[in-house]
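A short worksheet on the structure shown next.
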Amino acid sequence: MKCLTDTTEERIKEAAKTVFLEKGFDGTTTRDIASAAGINSALMNYYFRSKEKLFQSIFNDVCTLLFKGMLELINQPISLRDKISKLMDHQFQMMMQNPNLTIFIMNELRLNPERLYGTIGMAKQVPESIFHQQIEDAIAQGIITPIDSHHILTMIIANIQFLFVSKPMTMLAQGLDEAGFNAFATRHMEYVKDMICEYLFKPEPVT
């Protein structure tokens, strides 16, 4: 019986994730979710008493998917240049696999920024991270341009996420299909990597 319960609950959550990512919180009804899950509304209400409770569960999962990997990466004991590259790779792969994620996060951030901040707590963790200390050390050593670690993370996130926000316009303007856009996005990501690293890292002195 427990196995059946878990299966039904997971089916509801997967359906809810799909609908919430497409329509957002305000545009989604419990009937939409029940229909997507292939169940009736009464059964959905049995597992999740309210749309708000279900949304918070989905929102937590989505934020974990998007930001947990970044939080783990900023504390890895690897070089600063490699870390920046890996952070960008992580963001890029998340967006490739979940193209609606950016619009969903942006809409909910606009409507309820406290929910996002309370869920991921990333802004609180950055100043205590290895990444932040690496930035401070690199600035002190004259290796990189003086900049706050939050600005670097914002540059990474913004440059990659906008690529997917503008995906429909890019595909239409350039006549691209999905494969064509993926190729374009992969090339663009490499340009962004080069751009950010060129800005941050000062040229090594010629000996």
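How things are named: the first chain in the structure tokens is A, the next is B, and so on; residues count from 1 in each chain; ligands count from 1 in the order shown.
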Tell me, counting only C-alpha atoms, for each residue of stretch 90-200 of chain A within 9 Å of stretch 71-74 of chain A, which pair of atoms is nearest and how far apart they are in Å to one decimal, in rows ordered by chain and increasing number, as a Markdown table.
| residue | atom | partner | partner_atom | distance |
| --- | --- | --- | --- | --- |
| A:His90 | CA | A:Leu73 | CA | 8.9 |
| A:Met122 | CA | A:Leu71 | CA | 7.2 |
| A:Gln125 | CA | A:Leu71 | CA | 8.0 |
| A:Val126 | CA | A:Ile74 | CA | 8.0 |
| A:Ser129 | CA | A:Ile74 | CA | 6.4 |
| A:Ile130 | CA | A:Ile74 | CA | 6.2 |
| A:Phe131 | CA | A:Ile74 | CA | 4.9 |
| A:His132 | CA | A:Ile74 | CA | 8.1 |
Given the choices A:Ile12, A:Leu66, A:Leu21, A:Leu80, which gets closest to A:Ile39 if the distance is worked out from only C-alpha atoms?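 Answer, going by the shortest atom-to-atom distance: A:Ile12.
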Top pick for closest residue to A:Glu52, considering A:Ile103, A:Ile196, A:Ala16, A:Leu87 and counting only C-alpha atoms: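 Among A:Ile103, A:Ile196, A:Ala16, A:Leu87, it is A:Ala16 that comes nearest to A:Glu52.
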Members of stretch 12-140 of chain A assigned alpha helix (DSSP H) by DSSP, as number ranges by chain: A: 12-23, 30-37, 41-47, 51-63, 69-73, 80-97, 101-111, 113-120, 122-125, 130-140
Contacts of A:Ser35 within 10 Å, only C-alpha atoms, excl. fewer than 3 positions in-chain, as a list in words: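 Listing them by chain and then by number gives Ile12, Ala15, Ala16, Thr29, Thr30, Arg31, Asp32, Gly38, Ile39, Asn40, Ser41 and Met44 of chain A.
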Restrict the selected residues to N, CA and C atoms and save them as an mmCIF file, in the first residue's frame.
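Wrote it out as result_22.cif, contents follow:
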data_model
loop_
_atom_site.group_PDB
_atom_site.id
_atom_site.type_symbol
_atom_site.label_atom_id
_atom_site.label_comp_id
_atom_site.auth_asym_id
_atom_site.auth_seq_id
_atom_site.Cartn_x
_atom_site.Cartn_y
_atom_site.Cartn_z
ATOM 1 N N ILE A 12 1.800 12.825 -8.927
ATOM 2 C CA ILE A 12 1.195 14.146 -8.748
ATOM 3 C C ILE A 12 2.267 15.233 -8.772
ATOM 4 N N ALA A 15 3.585 15.757 -12.306
ATOM 5 C CA ALA A 15 2.591 16.489 -13.098
ATOM 6 C C ALA A 15 2.550 17.956 -12.665
ATOM 7 N N ALA A 16 2.581 18.183 -11.369
ATOM 8 C CA ALA A 16 2.537 19.552 -10.849
ATOM 9 C C ALA A 16 3.754 20.343 -11.300
ATOM 10 N N THR A 29 -4.321 25.640 -11.777
ATOM 11 C CA THR A 29 -5.400 25.218 -10.885
ATOM 12 C C THR A 29 -5.162 23.777 -10.452
ATOM 13 N N THR A 30 -5.802 23.380 -9.359
ATOM 14 C CA THR A 30 -5.672 21.992 -8.914
ATOM 15 C C THR A 30 -6.249 21.040 -9.950
ATOM 16 N N ARG A 31 -7.239 21.510 -10.683
ATOM 17 C CA ARG A 31 -7.827 20.682 -11.745
ATOM 18 C C ARG A 31 -6.805 20.436 -12.852
ATOM 19 N N ASP A 32 -5.992 21.462 -13.180
ATOM 20 C CA ASP A 32 -4.931 21.298 -14.179
ATOM 21 C C ASP A 32 -3.973 20.187 -13.764
ATOM 22 N N GLY A 38 -3.560 12.434 -14.340
ATOM 23 C CA GLY A 38 -4.490 11.354 -14.668
ATOM 24 C C GLY A 38 -5.284 10.860 -13.482
ATOM 25 N N ILE A 39 -5.599 11.777 -12.549
ATOM 26 C CA ILE A 39 -6.381 11.407 -11.364
ATOM 27 C C ILE A 39 -7.507 12.426 -11.198
ATOM 28 N N ASN A 40 -8.405 12.177 -10.254
ATOM 29 C CA ASN A 40 -9.457 13.162 -9.988
ATOM 30 C C ASN A 40 -9.002 14.149 -8.904
ATOM 31 N N SER A 41 -9.698 15.261 -8.834
ATOM 32 C CA SER A 41 -9.304 16.328 -7.908
ATOM 33 C C SER A 41 -9.381 15.900 -6.452
ATOM 34 N N MET A 44 -6.233 14.095 -5.538
ATOM 35 C CA MET A 44 -5.110 15.018 -5.409
ATOM 36 C C MET A 44 -5.173 15.769 -4.085
#
